[in-house]
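Structure file coords-v3.cif (mmCIF, C-alpha atoms) is printed below.
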```
data_input
#
loop_
_atom_site.group_PDB
_atom_site.id
_atom_site.type_symbol
_atom_site.label_atom_id
_atom_site.label_comp_id
_atom_site.auth_asym_id
_atom_site.auth_seq_id
_atom_site.Cartn_x
_atom_site.Cartn_y
_atom_site.Cartn_z
ATOM 1 C CA MET A 1 28.397 -26.109 61.571
ATOM 2 C CA SER A 2 27.756 -22.548 62.743
ATOM 3 C CA PRO A 3 26.501 -20.049 60.149
ATOM 4 C CA ASP A 4 29.061 -17.890 58.387
ATOM 5 C CA PRO A 5 28.807 -14.417 60.029
ATOM 6 C CA ASP A 6 29.693 -12.670 56.778
ATOM 7 C CA ARG A 7 26.982 -14.544 54.892
ATOM 8 C CA LEU A 8 24.479 -13.628 57.581
ATOM 9 C CA ALA A 9 25.439 -9.949 57.267
ATOM 10 C CA LEU A 10 25.097 -10.123 53.484
ATOM 11 C CA ASP A 11 21.675 -11.732 53.797
ATOM 12 C CA ARG A 12 20.509 -9.097 56.284
ATOM 13 C CA ALA A 13 21.558 -6.361 53.868
ATOM 14 C CA GLY A 14 19.682 -8.034 50.996
ATOM 15 C CA ASP A 15 22.737 -8.969 48.952
ATOM 16 C CA THR A 16 21.859 -10.957 45.804
ATOM 17 C CA ARG A 17 25.099 -10.404 43.880
ATOM 18 C CA ARG A 18 25.837 -12.884 41.067
ATOM 19 C CA PRO A 19 29.515 -12.669 40.103
ATOM 20 C CA ALA A 20 29.038 -14.069 36.599
ATOM 21 C CA PHE A 21 26.255 -11.596 35.838
ATOM 22 C CA LEU A 22 28.304 -8.766 37.344
ATOM 23 C CA SER A 23 31.160 -9.525 34.936
ATOM 24 C CA PHE A 24 28.718 -9.462 32.017
ATOM 25 C CA ALA A 25 27.136 -6.201 33.238
ATOM 26 C CA ARG A 26 30.497 -4.477 33.613
ATOM 27 C CA ALA A 27 31.471 -5.395 30.055
ATOM 28 C CA TYR A 28 28.079 -4.158 28.821
ATOM 29 C CA ALA A 29 28.476 -0.890 30.756
ATOM 30 C CA ARG A 30 31.936 -0.295 29.265
ATOM 31 C CA ARG A 31 30.556 -0.789 25.748
ATOM 32 C CA ARG A 32 27.609 1.551 26.344
ATOM 33 C CA VAL A 33 29.854 4.246 27.784
ATOM 34 C CA ALA A 34 32.364 3.865 24.941
ATOM 35 C CA HIS A 35 29.738 4.134 22.205
ATOM 36 C CA GLY A 36 27.113 6.383 23.800
ATOM 37 C CA LEU A 37 29.258 9.078 25.401
ATOM 38 C CA ASP A 38 32.158 11.298 24.382
ATOM 39 C CA GLY A 39 34.362 9.421 26.805
ATOM 40 C CA LEU A 40 34.479 8.968 30.564
ATOM 41 C CA TRP A 41 36.916 11.427 32.137
ATOM 42 C CA VAL A 42 37.994 11.083 35.760
ATOM 43 C CA SER A 43 40.133 12.875 38.320
ATOM 44 C CA GLY A 44 41.193 11.524 41.697
ATOM 45 C CA LEU A 45 40.696 7.846 40.831
ATOM 46 C CA PRO A 46 44.204 6.623 41.825
ATOM 47 C CA GLN A 47 43.898 8.344 45.201
ATOM 48 C CA ALA A 48 40.442 6.853 45.782
ATOM 49 C CA ARG A 49 41.720 3.400 44.824
ATOM 50 C CA ALA A 50 44.600 3.717 47.278
ATOM 51 C CA ALA A 51 42.283 4.907 50.052
ATOM 52 C CA LEU A 52 39.897 1.998 49.487
ATOM 53 C CA ALA A 53 42.744 -0.509 49.665
ATOM 54 C CA GLY A 54 43.476 0.657 53.190
ATOM 55 C CA ARG A 55 39.976 1.004 54.667
ATOM 56 C CA PRO A 56 36.260 0.733 53.879
ATOM 57 C CA LEU A 57 34.670 3.780 52.262
ATOM 58 C CA VAL A 58 31.331 5.336 51.462
ATOM 59 C CA PHE A 59 31.191 6.905 47.991
ATOM 60 C CA ALA A 60 28.605 9.709 47.965
ATOM 61 C CA ALA A 61 27.683 10.926 44.471
ATOM 62 C CA ASN A 62 25.269 13.460 43.088
ATOM 63 C CA HIS A 63 22.618 11.885 40.852
ATOM 64 C CA VAL A 64 22.200 13.443 37.408
ATOM 65 C CA ALA A 65 20.861 10.877 34.926
ATOM 66 C CA TRP A 66 20.165 7.201 34.258
ATOM 67 C CA TRP A 67 23.693 7.007 32.845
ATOM 68 C CA ASP A 68 24.944 7.218 36.451
ATOM 69 C CA THR A 69 24.194 3.540 37.064
ATOM 70 C CA LEU A 70 26.377 2.471 34.150
ATOM 71 C CA LEU A 71 29.144 4.807 35.301
ATOM 72 C CA LEU A 72 29.055 3.265 38.779
ATOM 73 C CA LEU A 73 29.613 -0.196 37.297
ATOM 74 C CA VAL A 74 32.668 1.040 35.399
ATOM 75 C CA LEU A 75 34.057 3.152 38.256
ATOM 76 C CA ASP A 76 33.521 0.481 40.899
ATOM 77 C CA GLU A 77 35.463 -2.023 38.812
ATOM 78 C CA ALA A 78 38.303 0.490 38.352
ATOM 79 C CA LEU A 79 38.493 1.006 42.125
ATOM 80 C CA GLY A 80 39.373 -2.652 42.584
ATOM 81 C CA GLY A 81 37.361 -3.378 45.723
ATOM 82 C CA VAL A 82 33.976 -4.904 46.466
ATOM 83 C CA GLY A 83 31.225 -2.323 46.248
ATOM 84 C CA TRP A 84 27.490 -2.210 46.811
ATOM 85 C CA ALA A 85 24.997 0.530 46.003
ATOM 86 C CA VAL A 86 21.912 1.482 47.992
ATOM 87 C CA MET A 87 18.753 1.527 45.849
ATOM 88 C CA ASP A 88 15.075 2.181 46.466
ATOM 89 C CA ALA A 89 13.519 -1.204 47.308
ATOM 90 C CA ALA A 90 10.467 -0.716 45.089
ATOM 91 C CA ASN A 91 12.621 0.074 42.059
ATOM 92 C CA LEU A 92 14.919 -2.833 42.854
ATOM 93 C CA SER A 93 11.934 -5.170 43.057
ATOM 94 C CA ALA A 94 10.914 -4.067 39.560
ATOM 95 C CA LEU A 95 14.490 -4.418 38.261
ATOM 96 C CA PRO A 96 15.913 -7.388 40.209
ATOM 97 C CA PHE A 97 18.930 -7.763 37.929
ATOM 98 C CA LEU A 98 20.359 -4.640 39.558
ATOM 99 C CA GLY A 99 20.607 -6.660 42.762
ATOM 100 C CA TRP A 100 22.711 -9.174 40.851
ATOM 101 C CA VAL A 101 25.321 -6.438 40.250
ATOM 102 C CA GLY A 102 25.389 -5.272 43.869
ATOM 103 C CA ALA A 103 22.348 -3.076 44.587
ATOM 104 C CA LEU A 104 21.003 -3.320 48.145
ATOM 105 C CA PRO A 105 17.353 -2.541 48.954
ATOM 106 C CA LEU A 106 16.362 0.611 50.820
ATOM 107 C CA ASP A 107 12.783 0.295 52.074
ATOM 108 C CA ARG A 108 11.364 3.818 52.216
ATOM 109 C CA SER A 109 7.908 2.813 53.398
ATOM 110 C CA SER A 110 8.726 4.083 56.902
ATOM 111 C CA HIS A 111 11.527 5.852 58.728
ATOM 112 C CA ASP A 112 12.234 2.777 60.855
ATOM 113 C CA ARG A 113 12.484 0.419 57.880
ATOM 114 C CA SER A 114 14.715 2.831 56.024
ATOM 115 C CA ARG A 115 17.021 3.100 59.040
ATOM 116 C CA GLN A 116 17.149 -0.707 59.416
ATOM 117 C CA CYS A 117 18.134 -1.135 55.760
ATOM 118 C CA LEU A 118 20.880 1.466 56.038
ATOM 119 C CA LYS A 119 22.198 -0.095 59.248
ATOM 120 C CA ALA A 120 22.349 -3.512 57.558
ATOM 121 C CA SER A 121 24.178 -2.004 54.588
ATOM 122 C CA ALA A 122 26.623 -0.185 56.866
ATOM 123 C CA ALA A 123 27.446 -3.469 58.614
ATOM 124 C CA LEU A 124 29.135 -4.678 55.418
ATOM 125 C CA LEU A 125 31.784 -1.960 55.740
ATOM 126 C CA ASP A 126 33.854 -4.037 58.131
ATOM 127 C CA ARG A 127 37.154 -4.376 56.238
ATOM 128 C CA PRO A 128 39.445 -2.588 53.762
ATOM 129 C CA GLY A 129 38.376 -2.827 50.147
ATOM 130 C CA ARG A 130 34.636 -2.766 50.852
ATOM 131 C CA SER A 131 32.565 0.229 49.808
ATOM 132 C CA LEU A 132 29.008 1.472 49.688
ATOM 133 C CA TRP A 133 27.794 3.783 46.932
ATOM 134 C CA MET A 134 25.034 6.236 47.789
ATOM 135 C CA PHE A 135 23.149 8.980 45.971
ATOM 136 C CA PRO A 136 22.305 11.153 48.983
ATOM 137 C CA GLN A 137 19.983 13.353 46.923
ATOM 138 C CA GLY A 138 17.671 10.350 46.656
ATOM 139 C CA ARG A 139 16.591 11.173 43.111
ATOM 140 C CA GLN A 140 17.870 12.455 39.786
ATOM 141 C CA ARG A 141 18.492 16.178 39.860
ATOM 142 C CA PRO A 142 20.215 18.538 37.373
ATOM 143 C CA ALA A 143 23.765 19.204 38.518
ATOM 144 C CA HIS A 144 23.369 22.992 38.365
ATOM 145 C CA LEU A 145 20.551 23.193 40.931
ATOM 146 C CA ARG A 146 21.455 24.588 44.357
ATOM 147 C CA PRO A 147 21.281 23.508 47.078
ATOM 148 C CA LEU A 148 21.888 19.858 46.294
ATOM 149 C CA ASP A 149 19.135 18.864 48.757
ATOM 150 C CA LEU A 150 20.928 15.951 50.423
ATOM 151 C CA LYS A 151 18.828 13.493 52.443
ATOM 152 C CA PRO A 152 19.850 12.184 55.902
ATOM 153 C CA GLY A 153 20.722 8.604 54.923
ATOM 154 C CA LEU A 154 24.439 9.374 55.204
ATOM 155 C CA GLN A 155 23.874 10.432 58.807
ATOM 156 C CA THR A 156 22.320 7.044 59.577
ATOM 157 C CA ILE A 157 25.387 5.306 58.148
ATOM 158 C CA HIS A 158 27.618 7.676 60.126
ATOM 159 C CA ALA A 159 25.779 6.910 63.367
ATOM 160 C CA GLU A 160 26.501 3.188 62.988
ATOM 161 C CA GLY A 161 30.233 3.845 63.020
ATOM 162 C CA PRO A 162 32.059 6.710 61.313
ATOM 163 C CA VAL A 163 33.390 5.628 57.929
ATOM 164 C CA ASP A 164 35.464 7.868 55.678
ATOM 165 C CA ILE A 165 33.416 9.367 52.842
ATOM 166 C CA VAL A 166 34.643 10.113 49.333
ATOM 167 C CA THR A 167 32.403 12.484 47.418
ATOM 168 C CA VAL A 168 32.025 11.743 43.707
ATOM 169 C CA SER A 169 30.896 14.688 41.598
ATOM 170 C CA LEU A 170 29.244 13.677 38.312
ATOM 171 C CA ASN A 171 28.252 15.745 35.317
ATOM 172 C CA TYR A 172 27.781 15.437 31.570
ATOM 173 C CA VAL A 173 29.241 18.148 29.351
ATOM 174 C CA PHE A 174 29.298 18.766 25.620
ATOM 175 C CA LEU A 175 32.724 19.379 24.133
ATOM 176 C CA GLU A 176 33.160 18.982 20.368
ATOM 177 C CA LYS A 177 30.930 16.002 19.626
ATOM 178 C CA GLN A 178 27.206 15.334 19.434
ATOM 179 C CA HIS A 179 27.277 13.209 22.593
ATOM 180 C CA PRO A 180 28.169 14.557 26.031
ATOM 181 C CA ALA A 181 31.253 13.476 27.916
ATOM 182 C CA ALA A 182 30.795 11.976 31.372
ATOM 183 C CA VAL A 183 33.104 13.756 33.808
ATOM 184 C CA VAL A 184 33.780 12.479 37.328
ATOM 185 C CA HIS A 185 35.715 14.029 40.213
ATOM 186 C CA PHE A 186 36.739 11.910 43.221
ATOM 187 C CA ALA A 187 37.507 14.166 46.193
ATOM 188 C CA ALA A 188 39.909 13.424 49.015
ATOM 189 C CA PRO A 189 38.326 11.283 51.763
ATOM 190 C CA ILE A 190 36.361 13.083 54.457
ATOM 191 C CA PRO A 191 37.476 11.513 57.777
ATOM 192 C CA GLY A 192 34.260 10.199 59.295
ATOM 193 C CA ALA A 193 35.614 10.232 62.834
ATOM 194 C CA ALA A 194 36.452 13.932 62.559
ATOM 195 C CA VAL A 195 33.020 15.113 61.393
ATOM 196 C CA SER A 196 30.014 15.482 63.671
ATOM 197 C CA ALA A 197 26.565 14.311 62.628
ATOM 198 C CA ALA A 198 25.409 17.927 62.392
ATOM 199 C CA ASP A 199 28.302 18.903 60.092
ATOM 200 C CA LEU A 200 28.233 15.791 57.922
ATOM 201 C CA LEU A 201 25.772 16.811 55.198
ATOM 202 C CA PRO A 202 27.106 20.389 54.847
ATOM 203 C CA THR A 203 30.646 18.982 54.571
ATOM 204 C CA VAL A 204 29.589 16.459 51.924
ATOM 205 C CA GLU A 205 27.677 19.123 49.987
ATOM 206 C CA ARG A 206 30.663 21.496 49.955
ATOM 207 C CA ALA A 207 32.916 18.724 48.643
ATOM 208 C CA LEU A 208 30.417 17.780 45.923
ATOM 209 C CA LEU A 209 30.056 21.424 44.871
ATOM 210 C CA ASP A 210 33.833 21.871 44.758
ATOM 211 C CA GLY A 211 34.037 18.843 42.456
ATOM 212 C CA LEU A 212 31.281 20.162 40.191
ATOM 213 C CA ALA A 213 33.085 23.527 40.033
ATOM 214 C CA ALA A 214 36.298 21.727 38.999
ATOM 215 C CA ILE A 215 34.386 19.951 36.222
ATOM 216 C CA ASP A 216 32.905 23.257 35.006
ATOM 217 C CA ALA A 217 36.310 24.944 35.011
ATOM 218 C CA ALA A 218 37.873 22.116 32.997
ATOM 219 C CA ALA A 219 35.023 22.167 30.471
ATOM 220 C CA VAL A 220 35.369 25.927 29.991
ATOM 221 C CA GLU A 221 39.110 25.623 29.414
ATOM 222 C CA ALA A 222 38.696 22.681 27.044
ATOM 223 C CA THR A 223 36.173 24.515 24.858
ATOM 224 C CA ASP A 224 37.856 27.932 24.947
ATOM 225 C CA GLY A 225 38.658 28.842 21.341
ATOM 226 C CA ARG A 226 41.927 30.445 22.432
ATOM 227 C CA ARG A 227 43.238 27.091 23.658
ATOM 228 C CA ALA A 228 44.918 24.909 21.041
ATOM 229 C CA ARG A 229 43.815 21.328 21.566
ATOM 230 C CA THR A 230 46.875 19.436 20.394
ATOM 231 C CA HIS A 231 45.994 16.131 22.075
ATOM 232 C CA PRO A 232 42.448 14.921 21.295
ATOM 233 C CA GLY A 233 42.839 12.115 23.813
ATOM 234 C CA ASP A 234 43.058 14.610 26.664
ATOM 235 C CA PRO A 235 40.347 17.239 26.116
ATOM 236 C CA LEU A 236 39.841 18.049 29.805
ATOM 237 C CA PRO A 237 42.720 19.565 31.795
ATOM 238 C CA GLY A 238 43.220 17.623 34.988
ATOM 239 C CA PHE A 239 41.043 14.678 33.946
ATOM 240 C CA SER A 240 42.113 11.365 32.442
ATOM 241 C CA PRO A 241 40.195 8.892 30.273
#
```
Translate the structure of the given file into structure tokens.
Amino acid sequence: MSPDPDRLALDRAGDTRRPAFLSFARAYARRRVAHGLDGLWVSGLPQARAALAGRPLVFAANHVAWWDTLLLLVLDEALGGVGWAVMDAANLSALPFLGWVGALPLDRSSHDRSRQCLKASAALLDRPGRSLWMFPQGRQRPAHLRPLDLKPGLQTIHAEGPVDIVTVSLNYVFLEKQHPAAVVHFAAPIPGAAVSAADLLPTVERALLDGLAAIDAAAVEATDGRRARTHPGDPLPGFSP
């Protein structure tokens, strides 16, 4: 019997997903978010879900805090596809259970090894419903710092075959409780085939900054004393729980 090509591609990318553990981790993440944050508020999720149903996508998010990993578990489940996330190989080796929920190793020991890992990850984006999450900043960084300092990993993915990119702006804002709210903005897909390699990172950065600006504007309106908050379940205009 010839080897399954899909299994070979998964093995090359370093996939160690365990569906049973993933289900447990998603339930755990939902509990932590529910009890540790003042809600998870999202805009653009239905549009992102519809886009993913029709084609593979790269989700490019800014990286703010360790909470981001838990948010990705919740958001990826809500999107309804099959998603992986690129993660530093050394950190993944120290925390192998993250591979069980879909993290793929990125070996940063050399430029060539890093490129090979990204190429293997990109090869999984061969059908609708599959996605790859990336933090193109490569490290945690406060959301207010400019520029965002994006690294070229997205360009490596793009060179393997243009895939549409959805930027995901993340931030944590204090409203009226002692814990911050997690606020997420999914932008409209950036058509990979229509963006050159040279324009890719500036285009992604502009989209991420626009999303962060939308989050800031909603937070200002929600906490403005002149605004009567008559519906505590919807504290952020334009964002849904």
Expanded to explicit residues, what is the PyMOL selection byres ((chain A and resi 9) around 12) for this file, as a ChimeraX atom specification? /A:3-8,10-15,117,119-126
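Distances to A:Gln178 were evaluated for A:Ile157, A:Leu98, A:Leu37, A:Ile215 using only C-alpha atoms, and the minimum falls at A:Leu37.
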Result set of the PyMOL selection byres ((chain A and resi 140) around 6) on the coordinates above, as a list in words: His63, Val64, Ala65, Arg139 and Arg141 of chain A
Grab the residues selected above and save them as a CSV table (one decimal), in the coordinates of the input with C-alpha atoms.
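File produced: again.csv:
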```csv
chain,number,residue,atom,x,y,z
A,63,HIS,CA,22.6,11.9,40.9
A,64,VAL,CA,22.2,13.4,37.4
A,65,ALA,CA,20.9,10.9,34.9
A,139,ARG,CA,16.6,11.2,43.1
A,141,ARG,CA,18.5,16.2,39.9
```
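Using only C-alpha atoms, the smallest distance between any of A:Leu106, A:Val173, A:Ala20, A:Leu132 and A:Leu57 comes from A:Leu132.
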Test item: the PyMOL selection byres ((chain A and resi 144) around 10) resolved as a list in words: Val64, Arg141, Pro142, Ala143, Leu145, Arg146, Pro147, Leu148, Asn171, Leu209, Leu212 and Ala213 of chain A
Can you build me a table of stretch 102-147 of chain A residues sitting at most 9 Å from stretch 67-81 of chain A, with the closest atom pair per residue and its distance in Å to one decimal, using all atoms listed in the file, sorted by chain and residue number, as a Markdown table?
```
| residue | atom | partner | partner_atom | distance |
| --- | --- | --- | --- | --- |
| A:Pro128 | CA | A:Gly81 | CA | 8.3 |
| A:Gly129 | CA | A:Gly81 | CA | 4.6 |
| A:Arg130 | CA | A:Gly81 | CA | 5.8 |
| A:Ser131 | CA | A:Gly81 | CA | 7.3 |
| A:Trp133 | CA | A:Leu72 | CA | 8.3 |
```
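Note that atom CA of A:Phe186 and atom CA of A:Leu52 are 12.1 Å apart.
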My list of candidates is A:Ala103, A:Ala218, A:Val42, A:Val195. Which is closest to A:Asn91 when distances are computed with only C-alpha atoms?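 Once distances to A:Asn91 are computed over only C-alpha atoms, the minimum belongs to A:Ala103.
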Calculated over only C-alpha atoms, which of the candidates A:Gly39, A:Pro241, A:Pro189, A:Pro202 has the smallest distance to A:Arg55?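 Looking at the shortest contact to A:Arg55, the residue is A:Pro189.
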Supply stretch 64-75 of chain A as a tab-separated table (two decimals), in the frame of the given file, with all heavy atoms built in where the input has gaps.
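Once written, out_5.tsv looks like this:
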```
chain	number	residue	atom	x	y	z
A	64	VAL	N	22.57	12.58	38.52
A	64	VAL	CA	22.20	13.44	37.41
A	64	VAL	C	21.27	12.76	36.41
A	64	VAL	O	20.28	13.34	35.96
A	64	VAL	CB	23.46	13.95	36.67
A	64	VAL	CG1	23.08	14.94	35.58
A	64	VAL	CG2	24.43	14.60	37.65
A	65	ALA	N	21.58	11.51	36.03
A	65	ALA	CA	20.86	10.88	34.93
A	65	ALA	C	20.93	9.36	35.07
A	65	ALA	O	21.67	8.82	35.89
A	65	ALA	CB	21.48	11.30	33.59
A	66	TRP	N	20.16	8.67	34.22
A	66	TRP	CA	20.16	7.20	34.26
A	66	TRP	C	21.53	6.64	33.88
A	66	TRP	O	21.87	5.51	34.26
A	66	TRP	CB	19.07	6.64	33.36
A	66	TRP	CG	19.28	6.84	31.89
A	66	TRP	CD1	18.85	7.87	31.13
A	66	TRP	CD2	20.01	5.97	31.00
A	66	TRP	NE1	19.27	7.71	29.82
A	66	TRP	CE2	19.96	6.55	29.72
A	66	TRP	CE3	20.68	4.75	31.17
A	66	TRP	CZ2	20.57	5.96	28.61
A	66	TRP	CZ3	21.30	4.17	30.06
A	66	TRP	CH2	21.22	4.76	28.80
A	67	TRP	N	22.34	7.43	33.16
A	67	TRP	CA	23.69	7.01	32.84
A	67	TRP	C	24.51	6.73	34.11
A	67	TRP	O	25.49	5.96	34.07
A	67	TRP	CB	24.41	8.10	32.04
A	67	TRP	CG	24.20	8.07	30.56
A	67	TRP	CD1	23.41	8.92	29.83
A	67	TRP	CD2	24.77	7.16	29.60
A	67	TRP	NE1	23.47	8.60	28.50
A	67	TRP	CE2	24.30	7.52	28.33
A	67	TRP	CE3	25.64	6.07	29.73
A	67	TRP	CZ2	24.66	6.84	27.18
A	67	TRP	CZ3	26.01	5.38	28.57
A	67	TRP	CH2	25.52	5.78	27.31
A	68	ASP	N	24.15	7.36	35.23
A	68	ASP	CA	24.94	7.22	36.45
A	68	ASP	C	25.13	5.76	36.86
A	68	ASP	O	26.19	5.38	37.35
A	68	ASP	CB	24.28	7.98	37.60
A	68	ASP	CG	24.17	9.48	37.35
A	68	ASP	OD1	24.78	9.96	36.38
A	68	ASP	OD2	23.46	10.15	38.12
A	69	THR	N	24.10	4.95	36.67
A	69	THR	CA	24.19	3.54	37.06
A	69	THR	C	25.28	2.82	36.27
A	69	THR	O	26.06	2.04	36.83
A	69	THR	CB	22.85	2.84	36.86
A	69	THR	OG1	21.84	3.51	37.64
A	69	THR	CG2	22.91	1.38	37.29
A	70	LEU	N	25.34	3.09	34.97
A	70	LEU	CA	26.38	2.47	34.15
A	70	LEU	C	27.76	2.98	34.56
A	70	LEU	O	28.73	2.21	34.60
A	70	LEU	CB	26.12	2.76	32.67
A	70	LEU	CG	24.85	2.13	32.07
A	70	LEU	CD1	24.71	2.53	30.61
A	70	LEU	CD2	24.88	0.61	32.21
A	71	LEU	N	27.85	4.27	34.87
A	71	LEU	CA	29.14	4.81	35.30
A	71	LEU	C	29.61	4.14	36.59
A	71	LEU	O	30.80	3.82	36.74
A	71	LEU	CB	29.05	6.32	35.52
A	71	LEU	CG	28.79	7.21	34.31
A	71	LEU	CD1	28.96	8.67	34.70
A	71	LEU	CD2	29.68	6.86	33.14
A	72	LEU	N	28.67	3.90	37.52
A	72	LEU	CA	29.06	3.26	38.78
A	72	LEU	C	29.63	1.88	38.55
A	72	LEU	O	30.59	1.47	39.22
A	72	LEU	CB	27.85	3.18	39.72
A	72	LEU	CG	27.79	4.25	40.81
A	72	LEU	CD1	27.75	5.65	40.19
A	72	LEU	CD2	26.58	4.05	41.70
A	73	LEU	N	29.08	1.13	37.60
A	73	LEU	CA	29.61	-0.20	37.30
A	73	LEU	C	31.06	-0.10	36.80
A	73	LEU	O	31.92	-0.89	37.20
A	73	LEU	CB	28.74	-0.88	36.24
A	73	LEU	CG	27.42	-1.47	36.72
A	73	LEU	CD1	26.55	-1.87	35.53
A	73	LEU	CD2	27.67	-2.67	37.62
A	74	VAL	N	31.32	0.88	35.94
A	74	VAL	CA	32.67	1.04	35.40
A	74	VAL	C	33.63	1.55	36.47
A	74	VAL	O	34.75	1.04	36.63
A	74	VAL	CB	32.63	2.01	34.19
A	74	VAL	CG1	34.04	2.26	33.67
A	74	VAL	CG2	31.76	1.44	33.08
A	75	LEU	N	33.19	2.55	37.24
A	75	LEU	CA	34.06	3.15	38.26
A	75	LEU	C	34.34	2.18	39.38
A	75	LEU	O	35.48	2.09	39.87
A	75	LEU	CB	33.40	4.42	38.81
A	75	LEU	CG	33.25	5.57	37.82
A	75	LEU	CD1	32.36	6.66	38.42
A	75	LEU	CD2	34.60	6.14	37.40
```
